[in-house]
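Visitor: Have a look at this one.
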Amino acid sequence: MARGLFTRTVTVVSLTVTLSAVASRYSYCRYFYPIFEAARILACSPLSEHWCHTDAAKMSTCKDPKENLHNKARTSPYPGSKIERAKVPNDKVDWLVDWKDYSPVEYTAHSVLAGPTWADPEIGAKNFSPKFNEKDGQVERKSQNGLYVVENDRPRNPVGRTGIVGRGLLGRWGPNHAADPVITRWKRNGSGNKVTHPVSGKNILQFIAIKRKDCGEWAIPGGMVDPGEKLSAALKREFSEEALNALQKTEAEKEEMEKQLNRLFSQDHFVVYKGYVDDPRNTDNAWMETEAVNYHDESGEVMDNLHLEAGDDAGKVKWIDISEKLKLYASHVDFIRLVAEKRRAHWNETDLDCPDQSLN
């Protein structure tokens with residue numbers, strides 16, 4: 001009991017530190033990004049309120065705090081299946097809320113149980129003793145949101161209940177780490193001048209989006225970080241595979257592409273977000289975390305030398321204008337909004353809920 005309490009306390013402290021950094025930049029924001037909201041509620045729950053940072057507490061005034069809590073991680077049917085999750089109401093998501101009748105569905109996809117190289121064995125399997133909350137050989141089992149609870153030998157989703165136990169479509173028990181490169185440029189007219197929105201008066205930003213083959217939704221090109229792989233390498237690899245079809249290129253084409261990619265990925269960039277993602281594949285024991293990084297081609301010249309071609313998990317790829325009308329996979333629209341605000345680009349036709357945050 002004492003050990004469990006200590007783990008929970010450390011988790012709350014870590015989440016609060018992470019949130020306080022976000023809050024200090026958006027303390028007057030009336031809109032609270034869904035990807036952060038569930039973590040804020042965990043950090044500021046009644047059983048841990050004395051750990052809640054002042055700025056995190058300020059964000060409790062944001063609009064409708066329960067509305068966006070852990071939304072996509074509770075949707076049914078589970079992706080790629082007919083499995084219906086146990087229904088989890090908003091007020092029962094938090095693990096700190098006692099719910100003795102909670103009866104989640106057990107589900108791990110056959111593709112995961114088949115034992116591919118990217119997936120863990122089942123808990124209890126011979127010679128499988130995962131080291132949660134730390135680097136386990138080449139596999140990163142640490143969460144970007146701090147320590148998570150391990151209960152009955154299974155890691156527990158740090159944000160809350162999802163209605164499913166097991167791993168679903170995810171390969172790793174606990175955090176499954178991804179990298180999401182957000183590639184942007186300014187929209188320009190035939191004369192090469194930046195295009196401004198007629199209502200907001202702000203320049204229109206574009207980003208490269210791919211249409212996922214698995215669900216048909218538009219998304220940021222990205223994917224899983226391989227064991228032992230550096231984030232920078234994963235960002236470049238995923239972009240080249242999904243947006244440039246690098247896997248089907250000749251060696252000569254790959255060499256030329258690599259030169260242009262090195263130019264692109266040495267451009268002005270910043271970390272948009274890193275941490276837990278509200279993803280439809282999440283379960284009580286496996287969840288997605290990502291680091292989204294924006295690489296901006298200010299002149300547009302670098303991307304002019306790279307031909308977009310969908311590959312790997314992408315069915316289509318194209319430049320898309322950024323605005324509040326975007327409908328994207330998982331929490332990707334939240335990442336895009338953050339980029340628009342940082343770049344002082346157009347987002348909607350009225351004043352943004354949050355003040356512009358210029359690049360430092």
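Note on naming: chains are A, B, ... as they come in the structure tokens, residues start from 1 per chain, ligands start from 1 in the order shown.
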Please extract the residues of stretch 142-339 of chain A with a backbone DSSP assignment of alpha helix (DSSP H) and present them as a ChimeraX atom specification.
Guide: /A:231-243,251-264,301-304,332-339
Visitor: Per residue of stretch 163-185 of chain A within 12 Å of stretch 225-233 of chain A, note the shortest atom pair and the distance in Å to one decimal, counting only C-alpha atoms, and order the rows by chain and increasing residue number, as a tab-separated table.
Guide:
residue	atom	partner	partner_atom	distance
A:Gly171	CA	A:Asp226	CA	11.5
A:Arg172	CA	A:Pro227	CA	11.0
A:Pro175	CA	A:Val225	CA	11.4
A:Asn176	CA	A:Val225	CA	8.4
A:His177	CA	A:Val225	CA	5.8
A:Ala178	CA	A:Val225	CA	5.2
A:Ala179	CA	A:Val225	CA	6.3
A:Asp180	CA	A:Leu231	CA	9.6
A:Pro181	CA	A:Ser232	CA	9.4
Visitor: Compile a residue-level contact table for stretch 191-258 of chain A against stretch 338-353 of chain A at a cut-off of 7 Å, reporting for every qualifying residue the shortest atom pair and its distance in Å to one decimal, with only C-alpha atoms counted, rows ordered by chain and ascending number, as CSV.
Guide:
residue,atom,partner,partner_atom,distance
A:His197,CA,A:His346,CA,6.8
A:Val199,CA,A:Glu349,CA,5.8
A:Ser200,CA,A:Glu349,CA,5.2
A:Lys202,CA,A:His346,CA,4.9
A:Asn203,CA,A:Ala345,CA,5.2
A:Ile204,CA,A:His346,CA,5.3
A:Leu205,CA,A:Ala345,CA,6.0
Visitor: Find the residue from A:Arg337, A:Arg167, A:Lys211, A:Arg161 that sits nearest to A:Ala119; use only C-alpha atoms when measuring.
Guide: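 Closest candidate: A:Arg167.
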Visitor: Identify which of the residues A:Asp120, A:Glu289, A:Asp98, A:Glu301 lies closest to A:Lys274, counting only C-alpha atoms when measuring atom-to-atom distances.
Guide: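 Checking each candidate against A:Lys274, we get A:Glu289 as the closest.
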Visitor: I'd like to know which residues of stretch 172-288 of chain A are strand (DSSP E) (by DSSP, run on the backbone); could you write them as number ranges by chain?
Guide: A: 174-186, 205-212, 218-219, 223-224, 269-276, 286-288
Visitor: From the list A:Gly146, A:Gly160, A:Tyr329, A:Ser111, which residue is nearest A:Lys213 when using only C-alpha atoms?
Guide: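 Between A:Gly146, A:Gly160, A:Tyr329, A:Ser111, the residue approaching A:Lys213 most closely is A:Tyr329.
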Visitor: Can you work out the spacing between atom CA of A:Trp319 and atom CA of A:His296 in Å, to one decimal?
Guide: 13.2 Å
Visitor: Kindly indicate which residue among A:Asp153, A:Ile164, A:Leu328, A:Gln248 lies nearest to A:Pro130, using only C-alpha atoms for the distances.
Guide: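 The answer is A:Asp153, which sits nearest to A:Pro130.
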Visitor: Grab the atom CA of A:Met288 to atom CA of A:Gly275 distance for me, in Å with one decimal place.
Guide: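 Straight-line distance from atom CA of A:Met288 to atom CA of A:Gly275 works out to 8.5 Å.
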Visitor: Which value, in Å to one decimal, gives the distance between atom CA of A:His332 and atom CA of A:Gly222?
Guide: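 Result for atom CA of A:His332 versus atom CA of A:Gly222: 10.7 Å, one decimal.
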Visitor: Just checking: using only C-alpha atoms, which residue out of A:Lys187, A:Lys249, A:Lys82, A:Arg263 ends up closest to A:Val302?
Guide: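 Among the listed residues, A:Arg263 lies closest to A:Val302.
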Visitor: Compile the contact shell of A:Lys87 as a list in words: residues with an atom at most 9 Å away, counting only C-alpha atoms, same-chain residues fewer than 2 positions apart removed.
Guide: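 My list of contacting residues is Arg74, Thr75, Ser76, Glu84, Arg85, Pro89, Pro104, Thr162 and Gly163 of chain A.
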Visitor: Give me the residues near stretch 306-318 of chain A as a PyMOL selection string, where near means some atom within 12 Å (using only C-alpha atoms) and where sequence neighbours in that chain fewer than 4 positions away do not count.
Guide: chain A and resi 183-184+206-224+237-249+253-254+256-264+297+300-302
